[in-house]
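Student: File final-v8.pdb follows (PDB, C-alpha atoms and all ligand atoms):
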ATOM      1  CA  MET A 234      53.664  71.845 124.712  1.00  0.00           C
ATOM      2  CA  SER A 235      50.771  73.113 122.616  1.00  0.00           C
ATOM      3  CA  THR A 236      49.654  71.475 119.402  1.00  0.00           C
ATOM      4  CA  ALA A 237      49.311  72.863 115.900  1.00  0.00           C
ATOM      5  CA  LEU A 238      45.574  72.646 116.338  1.00  0.00           C
ATOM      6  CA  GLU A 239      45.604  74.702 119.527  1.00  0.00           C
ATOM      7  CA  ASN A 240      47.913  77.218 117.832  1.00  0.00           C
ATOM      8  CA  ASN A 241      45.419  77.592 115.011  1.00  0.00           C
ATOM      9  CA  THR A 242      47.927  76.455 112.411  1.00  0.00           C
ATOM     10  CA  ILE A 243      45.612  74.084 110.633  1.00  0.00           C
ATOM     11  CA  LEU A 244      43.007  75.492 108.312  1.00  0.00           C
ATOM     12  CA  SER A 245      39.899  73.608 109.261  1.00  0.00           C
ATOM     13  CA  LYS A 246      38.290  73.453 112.639  1.00  0.00           C
ATOM     14  CA  LYS A 247      35.338  71.449 111.453  1.00  0.00           C
ATOM     15  CA  ILE A 248      36.200  68.010 112.641  1.00  0.00           C
ATOM     16  CA  PHE A 249      33.859  65.174 111.741  1.00  0.00           C
ATOM     17  CA  LEU A 250      34.070  62.018 113.841  1.00  0.00           C
ATOM     18  CA  ILE A 251      32.798  59.008 111.941  1.00  0.00           C
ATOM     19  CA  GLY A 252      32.449  55.299 112.633  1.00  0.00           C
ATOM     20  CA  PHE A 253      30.083  52.539 113.602  1.00  0.00           C
ATOM     21  CA  MET A 254      27.441  52.904 116.352  1.00  0.00           C
ATOM     22  CA  GLY A 255      29.169  52.636 119.708  1.00  0.00           C
ATOM     23  CA  CYS A 256      32.707  53.333 118.406  1.00  0.00           C
ATOM     24  CA  GLY A 257      33.016  56.297 120.771  1.00  0.00           C
ATOM     25  CA  LYS A 258      32.261  59.362 118.605  1.00  0.00           C
ATOM     26  CA  SER A 259      30.071  61.106 121.158  1.00  0.00           C
ATOM     27  CA  LYS A 260      32.194  60.290 124.175  1.00  0.00           C
ATOM     28  CA  LEU A 261      35.508  61.225 122.558  1.00  0.00           C
ATOM     29  CA  GLY A 262      33.984  64.197 120.744  1.00  0.00           C
ATOM     30  CA  LYS A 263      32.825  65.829 123.991  1.00  0.00           C
ATOM     31  CA  SER A 264      36.216  65.325 125.526  1.00  0.00           C
ATOM     32  CA  ILE A 265      38.265  66.845 122.665  1.00  0.00           C
ATOM     33  CA  ALA A 266      35.797  69.709 122.227  1.00  0.00           C
ATOM     34  CA  SER A 267      36.300  70.674 125.846  1.00  0.00           C
ATOM     35  CA  LYS A 268      40.095  70.394 125.556  1.00  0.00           C
ATOM     36  CA  LEU A 269      40.188  72.508 122.380  1.00  0.00           C
ATOM     37  CA  ASP A 270      37.498  74.909 123.565  1.00  0.00           C
ATOM     38  CA  LEU A 271      35.365  74.261 120.499  1.00  0.00           C
ATOM     39  CA  PRO A 272      31.617  73.602 120.461  1.00  0.00           C
ATOM     40  CA  PHE A 273      30.570  69.946 120.389  1.00  0.00           C
ATOM     41  CA  LEU A 274      27.726  68.969 118.065  1.00  0.00           C
ATOM     42  CA  ASP A 275      26.107  65.547 117.957  1.00  0.00           C
ATOM     43  CA  LEU A 276      24.364  65.016 114.636  1.00  0.00           C
ATOM     44  CA  ASP A 277      21.854  62.537 116.105  1.00  0.00           C
ATOM     45  CA  ASP A 278      20.815  65.099 118.749  1.00  0.00           C
ATOM     46  CA  LEU A 279      20.556  67.853 116.134  1.00  0.00           C
ATOM     47  CA  VAL A 280      18.333  65.759 113.856  1.00  0.00           C
ATOM     48  CA  GLU A 281      16.065  64.993 116.817  1.00  0.00           C
ATOM     49  CA  ALA A 282      15.896  68.634 117.918  1.00  0.00           C
ATOM     50  CA  LYS A 283      15.259  69.979 114.431  1.00  0.00           C
ATOM     51  CA  ASN A 284      12.436  67.524 113.785  1.00  0.00           C
ATOM     52  CA  GLN A 285      11.092  67.433 117.331  1.00  0.00           C
ATOM     53  CA  MET A 286      11.086  63.627 117.109  1.00  0.00           C
ATOM     54  CA  SER A 287      13.375  60.915 118.449  1.00  0.00           C
ATOM     55  CA  ILE A 288      15.418  58.810 116.006  1.00  0.00           C
ATOM     56  CA  PRO A 289      13.178  55.740 116.537  1.00  0.00           C
ATOM     57  CA  GLU A 290      10.141  57.976 115.859  1.00  0.00           C
ATOM     58  CA  LEU A 291      11.764  59.349 112.689  1.00  0.00           C
ATOM     59  CA  PHE A 292      12.501  55.813 111.420  1.00  0.00           C
ATOM     60  CA  ALA A 293       8.928  54.745 112.223  1.00  0.00           C
ATOM     61  CA  ALA A 294       7.309  57.785 110.593  1.00  0.00           C
ATOM     62  CA  PHE A 295       9.474  58.261 107.491  1.00  0.00           C
ATOM     63  CA  GLY A 296      11.431  55.008 107.115  1.00  0.00           C
ATOM     64  CA  GLU A 297      15.230  54.884 106.945  1.00  0.00           C
ATOM     65  CA  ASN A 298      15.254  56.881 103.687  1.00  0.00           C
ATOM     66  CA  GLY A 299      13.290  59.714 105.280  1.00  0.00           C
ATOM     67  CA  PHE A 300      15.670  59.710 108.247  1.00  0.00           C
ATOM     68  CA  ARG A 301      18.716  59.818 105.926  1.00  0.00           C
ATOM     69  CA  GLU A 302      17.374  62.833 104.012  1.00  0.00           C
ATOM     70  CA  ARG A 303      16.852  64.734 107.273  1.00  0.00           C
ATOM     71  CA  GLU A 304      20.259  63.620 108.518  1.00  0.00           C
ATOM     72  CA  LYS A 305      22.004  64.977 105.389  1.00  0.00           C
ATOM     73  CA  GLN A 306      20.200  68.302 105.576  1.00  0.00           C
ATOM     74  CA  THR A 307      20.994  68.736 109.272  1.00  0.00           C
ATOM     75  CA  LEU A 308      24.667  67.807 108.758  1.00  0.00           C
ATOM     76  CA  GLN A 309      25.153  70.498 106.145  1.00  0.00           C
ATOM     77  CA  GLU A 310      23.245  73.196 108.037  1.00  0.00           C
ATOM     78  CA  ALA A 311      25.096  72.532 111.280  1.00  0.00           C
ATOM     79  CA  ALA A 312      28.543  72.245 109.758  1.00  0.00           C
ATOM     80  CA  ILE A 313      28.241  75.304 107.518  1.00  0.00           C
ATOM     81  CA  ALA A 314      27.243  77.422 110.490  1.00  0.00           C
ATOM     82  CA  ASN A 315      29.806  76.260 113.032  1.00  0.00           C
ATOM     83  CA  ASP A 316      33.441  75.459 113.594  1.00  0.00           C
ATOM     84  CA  ALA A 317      32.981  72.500 115.874  1.00  0.00           C
ATOM     85  CA  ILE A 318      33.740  68.930 116.735  1.00  0.00           C
ATOM     86  CA  ILE A 319      30.882  67.068 115.097  1.00  0.00           C
ATOM     87  CA  ALA A 320      30.010  63.495 116.050  1.00  0.00           C
ATOM     88  CA  THR A 321      28.065  62.130 113.092  1.00  0.00           C
ATOM     89  CA  GLY A 322      25.510  59.335 113.157  1.00  0.00           C
ATOM     90  CA  GLY A 323      26.979  55.880 112.507  1.00  0.00           C
ATOM     91  CA  GLY A 324      25.439  55.643 109.037  1.00  0.00           C
ATOM     92  CA  ALA A 325      25.771  59.287 107.980  1.00  0.00           C
ATOM     93  CA  PRO A 326      29.004  58.944 105.926  1.00  0.00           C
ATOM     94  CA  CYS A 327      27.506  56.062 103.927  1.00  0.00           C
ATOM     95  CA  PHE A 328      24.584  57.885 102.312  1.00  0.00           C
ATOM     96  CA  PHE A 329      24.339  60.396  99.453  1.00  0.00           C
ATOM     97  CA  ASP A 330      27.594  62.340  98.971  1.00  0.00           C
ATOM     98  CA  ASN A 331      27.956  62.956 102.726  1.00  0.00           C
ATOM     99  CA  MET A 332      31.477  61.542 102.973  1.00  0.00           C
ATOM    100  CA  GLU A 333      32.754  63.618 100.067  1.00  0.00           C
ATOM    101  CA  TRP A 334      30.985  66.665 101.473  1.00  0.00           C
ATOM    102  CA  MET A 335      32.614  66.240 104.887  1.00  0.00           C
ATOM    103  CA  ASN A 336      36.033  65.743 103.302  1.00  0.00           C
ATOM    104  CA  ASN A 337      35.548  68.961 101.342  1.00  0.00           C
ATOM    105  CA  ASN A 338      34.449  70.912 104.392  1.00  0.00           C
ATOM    106  CA  GLY A 339      36.639  69.716 107.250  1.00  0.00           C
ATOM    107  CA  ILE A 340      38.766  66.924 108.638  1.00  0.00           C
ATOM    108  CA  THR A 341      37.199  63.474 108.898  1.00  0.00           C
ATOM    109  CA  VAL A 342      38.331  61.057 111.590  1.00  0.00           C
ATOM    110  CA  PHE A 343      37.340  57.369 111.458  1.00  0.00           C
ATOM    111  CA  ILE A 344      37.307  55.700 114.857  1.00  0.00           C
ATOM    112  CA  ASP A 345      37.810  52.044 114.009  1.00  0.00           C
ATOM    113  CA  THR A 346      36.664  49.941 116.940  1.00  0.00           C
ATOM    114  CA  PRO A 347      36.729  46.111 116.879  1.00  0.00           C
ATOM    115  CA  ILE A 348      33.422  44.311 116.345  1.00  0.00           C
ATOM    116  CA  LYS A 349      33.465  42.488 119.686  1.00  0.00           C
ATOM    117  CA  VAL A 350      34.047  45.761 121.568  1.00  0.00           C
ATOM    118  CA  LEU A 351      31.204  47.416 119.647  1.00  0.00           C
ATOM    119  CA  ALA A 352      28.857  44.536 120.447  1.00  0.00           C
ATOM    120  CA  ASP A 353      29.770  44.602 124.158  1.00  0.00           C
ATOM    121  CA  ARG A 354      29.062  48.327 124.301  1.00  0.00           C
ATOM    122  CA  LEU A 355      25.878  48.244 122.252  1.00  0.00           C
ATOM    123  CA  ILE A 356      24.272  45.324 124.070  1.00  0.00           C
ATOM    124  CA  ASN A 357      24.486  47.337 127.315  1.00  0.00           C
ATOM    125  CA  ALA A 358      23.551  50.716 125.857  1.00  0.00           C
ATOM    126  CA  ARG A 359      20.450  52.489 127.001  1.00  0.00           C
ATOM    127  CA  VAL A 360      20.054  54.670 123.888  1.00  0.00           C
ATOM    128  CA  GLU A 361      17.591  53.047 121.482  1.00  0.00           C
ATOM    129  CA  ARG A 362      19.065  52.418 118.039  1.00  0.00           C
ATOM    130  CA  PRO A 363      16.413  51.250 115.558  1.00  0.00           C
ATOM    131  CA  LEU A 364      18.769  49.217 113.361  1.00  0.00           C
ATOM    132  CA  ILE A 365      19.802  46.924 116.243  1.00  0.00           C
ATOM    133  CA  LYS A 366      16.671  46.920 118.386  1.00  0.00           C
ATOM    134  CA  GLY A 367      15.837  43.546 119.936  1.00  0.00           C
ATOM    135  CA  LYS A 368      18.961  41.747 118.698  1.00  0.00           C
ATOM    136  CA  SER A 369      20.657  39.113 120.856  1.00  0.00           C
ATOM    137  CA  PHE A 370      24.420  39.347 121.366  1.00  0.00           C
ATOM    138  CA  ASP A 371      25.118  36.802 118.601  1.00  0.00           C
ATOM    139  CA  GLU A 372      22.709  38.494 116.204  1.00  0.00           C
ATOM    140  CA  LEU A 373      24.391  41.790 116.998  1.00  0.00           C
ATOM    141  CA  LEU A 374      27.838  40.375 116.164  1.00  0.00           C
ATOM    142  CA  THR A 375      26.580  39.059 112.814  1.00  0.00           C
ATOM    143  CA  PHE A 376      24.825  42.334 112.046  1.00  0.00           C
ATOM    144  CA  ILE A 377      27.865  44.485 112.893  1.00  0.00           C
ATOM    145  CA  GLU A 378      30.178  42.314 110.806  1.00  0.00           C
ATOM    146  CA  ALA A 379      27.933  42.565 107.733  1.00  0.00           C
ATOM    147  CA  LYS A 380      27.205  46.274 108.120  1.00  0.00           C
ATOM    148  CA  LEU A 381      30.827  47.172 108.737  1.00  0.00           C
ATOM    149  CA  THR A 382      31.869  45.345 105.579  1.00  0.00           C
ATOM    150  CA  GLU A 383      29.279  47.383 103.672  1.00  0.00           C
ATOM    151  CA  ARG A 384      30.311  50.652 105.333  1.00  0.00           C
ATOM    152  CA  ARG A 385      34.101  50.343 105.394  1.00  0.00           C
ATOM    153  CA  PRO A 386      34.587  51.726 101.863  1.00  0.00           C
ATOM    154  CA  PHE A 387      32.999  54.960 103.099  1.00  0.00           C
ATOM    155  CA  TYR A 388      34.698  55.084 106.504  1.00  0.00           C
ATOM    156  CA  ASN A 389      38.043  54.363 104.827  1.00  0.00           C
ATOM    157  CA  GLN A 390      37.817  57.652 102.932  1.00  0.00           C
ATOM    158  CA  ALA A 391      38.524  59.476 106.198  1.00  0.00           C
ATOM    159  CA  LYS A 392      41.576  61.704 106.393  1.00  0.00           C
ATOM    160  CA  ILE A 393      42.585  60.226 109.744  1.00  0.00           C
ATOM    161  CA  MET A 394      41.971  56.647 110.926  1.00  0.00           C
ATOM    162  CA  LEU A 395      42.449  55.665 114.549  1.00  0.00           C
ATOM    163  CA  ARG A 396      41.892  52.383 116.356  1.00  0.00           C
ATOM    164  CA  GLY A 397      39.136  53.002 118.893  1.00  0.00           C
ATOM    165  CA  VAL A 398      40.545  50.948 121.764  1.00  0.00           C
ATOM    166  CA  ASP A 399      42.283  52.824 124.577  1.00  0.00           C
ATOM    167  CA  LEU A 400      42.021  55.912 122.397  1.00  0.00           C
ATOM    168  CA  SER A 401      42.387  59.123 124.364  1.00  0.00           C
ATOM    169  CA  ALA A 402      41.407  62.672 123.491  1.00  0.00           C
ATOM    170  CA  ASP A 403      45.112  63.558 123.449  1.00  0.00           C
ATOM    171  CA  ASP A 404      45.825  60.802 120.871  1.00  0.00           C
ATOM    172  CA  LEU A 405      43.183  62.306 118.636  1.00  0.00           C
ATOM    173  CA  ILE A 406      44.443  65.863 119.122  1.00  0.00           C
ATOM    174  CA  GLU A 407      47.960  64.733 118.255  1.00  0.00           C
ATOM    175  CA  ALA A 408      46.727  63.092 115.038  1.00  0.00           C
ATOM    176  CA  LEU A 409      44.835  66.268 114.118  1.00  0.00           C
ATOM    177  CA  SER A 410      47.874  68.419 114.703  1.00  0.00           C
ATOM    178  CA  LYS A 411      49.796  66.416 112.079  1.00  0.00           C
ATOM    179  CA  VAL A 412      47.247  67.026 109.328  1.00  0.00           C
ATOM    180  CA  GLU A 413      48.433  69.510 106.767  1.00  0.00           C
ATOM    181  CA  GLY A 414      46.060  72.416 106.313  1.00  0.00           C
TER     182      GLY A 414
HETATM  183  N1  LIG A 501      36.990  54.458 124.958  1.00  0.00           N
HETATM  184  C1  LIG A 501      35.918  53.929 125.556  1.00  0.00           C
HETATM  185  N2  LIG A 501      36.071  53.059 126.567  1.00  0.00           N
HETATM  186  C2  LIG A 501      35.022  52.507 127.172  1.00  0.00           C
HETATM  187  N3  LIG A 501      33.721  52.747 126.848  1.00  0.00           N
HETATM  188  C3  LIG A 501      33.507  53.606 125.863  1.00  0.00           C
HETATM  189  C4  LIG A 501      34.579  54.246 125.149  1.00  0.00           C
HETATM  190  N4  LIG A 501      34.046  55.034 124.187  1.00  0.00           N
HETATM  191  C5  LIG A 501      32.717  54.888 124.293  1.00  0.00           C
HETATM  192  N5  LIG A 501      32.389  54.045 125.289  1.00  0.00           N
HETATM  193  C6  LIG A 501      31.038  53.649 125.695  1.00  0.00           C
HETATM  194  O1  LIG A 501      30.427  53.029 124.581  1.00  0.00           O
HETATM  195  C7  LIG A 501      29.093  53.494 124.418  1.00  0.00           C
HETATM  196  C8  LIG A 501      28.946  54.121 123.065  1.00  0.00           C
HETATM  197  O2  LIG A 501      29.790  55.281 122.999  1.00  0.00           O
HETATM  198  P1  LIG A 501      29.323  56.563 122.184  1.00  0.00           P
HETATM  199  O3  LIG A 501      27.918  56.917 122.543  1.00  0.00           O
HETATM  200  O4  LIG A 501      30.375  57.589 122.342  1.00  0.00           O
HETATM  201  O5  LIG A 501      29.337  55.957 120.706  1.00  0.00           O
HETATM  202  P2  LIG A 501      28.890  56.623 119.342  1.00  0.00           P
HETATM  203  O6  LIG A 501      29.984  56.316 118.395  1.00  0.00           O
HETATM  204  O7  LIG A 501      28.568  58.071 119.566  1.00  0.00           O
HETATM  205  O8  LIG A 501      27.577  55.804 118.953  1.00  0.00           O
HETATM  206  P3  LIG A 501      26.295  56.255 118.025  1.00  0.00           P
HETATM  207  O9  LIG A 501      26.748  56.231 116.579  1.00  0.00           O
HETATM  208  O10 LIG A 501      25.275  55.220 118.246  1.00  0.00           O
HETATM  209  O11 LIG A 501      25.882  57.625 118.452  1.00  0.00           O
HETATM  210  C9  LIG A 501      28.820  54.457 125.577  1.00  0.00           C
HETATM  211  O12 LIG A 501      28.200  53.728 126.614  1.00  0.00           O
HETATM  212  C10 LIG A 501      30.203  54.911 125.975  1.00  0.00           C
HETATM  213  O13 LIG A 501      30.274  55.276 127.347  1.00  0.00           O
HETATM  214  O1  LIG A 502      24.534  53.349 112.224  1.00  0.00           O
HETATM  215  C1  LIG A 502      23.428  53.880 111.950  1.00  0.00           C
HETATM  216  O2  LIG A 502      22.888  53.709 110.850  1.00  0.00           O
HETATM  217  C2  LIG A 502      22.783  54.745 112.961  1.00  0.00           C
HETATM  218  C3  LIG A 502      23.530  55.214 114.014  1.00  0.00           C
HETATM  219  C4  LIG A 502      23.014  56.160 115.015  1.00  0.00           C
HETATM  220  O3  LIG A 502      24.028  57.099 115.326  1.00  0.00           O
HETATM  221  C5  LIG A 502      21.760  56.874 114.512  1.00  0.00           C
HETATM  222  O4  LIG A 502      22.064  57.849 113.531  1.00  0.00           O
HETATM  223  C6  LIG A 502      20.767  55.890 113.944  1.00  0.00           C
HETATM  224  O5  LIG A 502      20.375  55.032 114.989  1.00  0.00           O
HETATM  225  C7  LIG A 502      21.362  55.090 112.769  1.00  0.00           C
HETATM  226 MG    MG A 503      26.807  59.167 119.326  1.00  0.00          MG
END
Take the structure from the file and write it as structure tokens.
Tutor:
Amino acid sequence: MSTALENNTILSKKIFLIGFMGCGKSKLGKSIASKLDLPFLDLDDLVEAKNQMSIPELFAAFGENGFREREKQTLQEAAIANDAIIATGGGAPCFFDNMEWMNNNGITVFIDTPIKVLADRLINARVERPLIKGKSFDELLTFIEAKLTERRPFYNQAKIMLRGVDLSADDLIEALSKVEG
């Protein structure tokens, strides 16, 4: 059986995946993009490509504020130009009017993954994330708890919220198909 999304019966095909670092935006995003035959865009990769610098280099050269300005600009350029599944950076919805902008321009999906799962994933990750660099497991837990509390009011503005444990691409596609256009 095909879904409303596959049948093109929902208006927006800009789908923004949001949530904390390590919640699964990139992994799940690639999988649903391939199932729905839509392009997959990863905001972190786009910011790096546009600026010809890695995220740690951008933080070092311009500070977090400079990174956030570039992140906002890249988000809007990429999303205006493409119907796509867009995995945003973990902090992107929490700066400027990015969350409101995404809600006005597509469907936002918050992948809500428990703190302990996030910490387990992030402690083993090979990608360098400046905000958590050098933290021990316990420091990481404390950091995630505090940051998530700060960020939840933004993440909670998402149109769809899904628990990020055992979450499959099909679960996400089903949730999208129920959204009214
Ligand atoms: N459902 C899952 N089950 C097991 N491992 C997962 C799952 N989703 C993601 N992971 C693993 O967790 C790590 C982080 O996932 P991913 O890169 O998709 O997160 P992210 O939300 O894009 O993070 P960031 O905001 O830092 O880009 C990766 O190593 C990935 O393989
Ligand atoms: O949660 C965050 O603030 C970040 C998450 C990553 O996706 C990157 O955008 C960067 O490392 C910052
Ligand atoms: Mg990612």
Student: Please build the interface table for chain A against ligand LIG 501 (chain A) with a cut-off of 8 Å, listing for each qualifying residue the nearest atom pair and the distance in Å to one decimal; count only C-alpha atoms and all ligand atoms, order rows by chain and increasing number, and write it as a Markdown table.
Tutor:
| residue | atom | partner | partner_atom | distance |
| --- | --- | --- | --- | --- |
| A:Ile251 | CA | A:LIG501 | O6 | 7.5 |
| A:Gly252 | CA | A:LIG501 | O6 | 6.3 |
| A:Phe253 | CA | A:LIG501 | O9 | 5.8 |
| A:Met254 | CA | A:LIG501 | O9 | 3.4 |
| A:Gly255 | CA | A:LIG501 | O5 | 3.5 |
| A:Cys256 | CA | A:LIG501 | O6 | 4.0 |
| A:Gly257 | CA | A:LIG501 | O4 | 3.3 |
| A:Lys258 | CA | A:LIG501 | O6 | 3.8 |
| A:Ser259 | CA | A:LIG501 | O4 | 3.7 |
| A:Lys260 | CA | A:LIG501 | O4 | 3.7 |
| A:Leu261 | CA | A:LIG501 | O4 | 6.3 |
| A:Gly262 | CA | A:LIG501 | O4 | 7.7 |
| A:Asp275 | CA | A:LIG501 | O11 | 7.9 |
| A:Asp277 | CA | A:LIG501 | O11 | 6.8 |
| A:Ala320 | CA | A:LIG501 | O7 | 6.6 |
| A:Thr321 | CA | A:LIG501 | O9 | 7.0 |
| A:Gly322 | CA | A:LIG501 | O9 | 4.8 |
| A:Gly323 | CA | A:LIG501 | O9 | 4.1 |
| A:Gly324 | CA | A:LIG501 | O9 | 7.7 |
| A:Leu351 | CA | A:LIG501 | O1 | 7.5 |
| A:Arg354 | CA | A:LIG501 | O1 | 4.9 |
| A:Leu355 | CA | A:LIG501 | C7 | 6.5 |
| A:Asn357 | CA | A:LIG501 | O12 | 7.4 |
| A:Ala358 | CA | A:LIG501 | O12 | 5.6 |
| A:Arg359 | CA | A:LIG501 | O12 | 7.9 |
| A:Val360 | CA | A:LIG501 | O10 | 7.7 |
| A:Arg362 | CA | A:LIG501 | O10 | 6.8 |
| A:Gly397 | CA | A:LIG501 | N1 | 6.6 |
| A:Val398 | CA | A:LIG501 | N1 | 5.9 |
| A:Asp399 | CA | A:LIG501 | N1 | 5.6 |
| A:Leu400 | CA | A:LIG501 | N1 | 5.8 |
| A:Ser401 | CA | A:LIG501 | N1 | 7.2 |
Student: Out of A:Ala293, A:Ile340, A:Ile319, A:Ile313, which residue has the shortest atom-to-atom distance to ligand MG 503 (chain A) when counting only C-alpha atoms and all ligand atoms?
Tutor: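 Among the listed residues, the smallest separation from ligand MG 503 (chain A) belongs to A:Ile319.
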Student: Measuring atom to atom with only C-alpha atoms, identify which of A:Ile318, A:Val350, A:Ala391, A:Cys327 is nearest to Ser264 of chain A.
Tutor: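 The shortest atom-to-atom distance to Ser264 of chain A comes from A:Ile318.
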Student: Let me have the centre and edge lengths of the axis-aligned box enclosing all listed atoms of ligand LIG 502 (chain A) with 6 Å padding on every side, in Å to one decimal, as lines of an AutoDock Vina configuration file.
Tutor:
center_x = 22.5
center_y = 55.6
center_z = 113.1
size_x = 16.2
size_y = 16.5
size_z = 16.5
Student: Take the PyMOL selection byres (((chain A and resi 386) around 12) and not hetatm), apply it to the structure above, and return the hits as an NGL selection string.
Tutor: :A and (252 or 326-328 or 332 or 343 or 380-385 or 387-391)
Student: Between atom CA of Ile377 of chain A and atom CA of Glu297 of chain A, measure the distance and give it in Å to one decimal.
Tutor: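 Answer for the atom CA of Ile377 of chain A to atom CA of Glu297 of chain A separation: 17.4 Å.
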Student: Closest to ligand LIG 502 (chain A) among A:Asn331, A:Ser287, A:Thr375, A:Thr346, using all atoms listed in the file?
Tutor: A:Ser287
Student: Could you list, as a ChimeraX atom specification, every residue matched by the PyMOL selection byres (((chain A and resi 302) around 12) and not hetatm) in this structure?
Tutor: /A:280,284,291-292,295-301,303-309,324-325,328-331
Student: Rank A:Glu310, A:Ile356, A:Glu361, A:Met335 by their smallest atom-to-atom distance to ligand MG 503 (chain A), using only C-alpha atoms and all ligand atoms, and report the top residue only.
Tutor: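 Going through A:Glu310, A:Ile356, A:Glu361, A:Met335 one by one, the smallest distance to ligand MG 503 (chain A) is for A:Glu361.
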Student: Report, in Å to a single decimal, how far apart atom CA of Ile344 of chain A and atom CA of Asp404 of chain A are.
Tutor: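 Straight-line distance from atom CA of Asp404 of chain A to atom CA of Ile344 of chain A works out to 11.6 Å.
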Student: Between A:Ala314, A:Leu271, A:Ile248, A:Ile365, which one has atoms that come closest to ligand LIG 502 (chain A), using only C-alpha atoms and all ligand atoms?
Tutor: A:Ile365
Student: As an exercise, work out the distance from atom CA of Leu250 of chain A to atom CA of Val342 of chain A in Å and give it to one decimal place.
Tutor: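 Atom-to-atom, atom CA of Leu250 of chain A and atom CA of Val342 of chain A are spaced 4.9 Å apart.
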Student: Under the rule that only C-alpha atoms and all ligand atoms are counted, which of A:Ala352, A:Leu276, A:Ala266, A:Ile393 is the nearest residue to ligand MG 503 (chain A)?
Tutor: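 The answer is A:Leu276, which sits nearest to ligand MG 503 (chain A).
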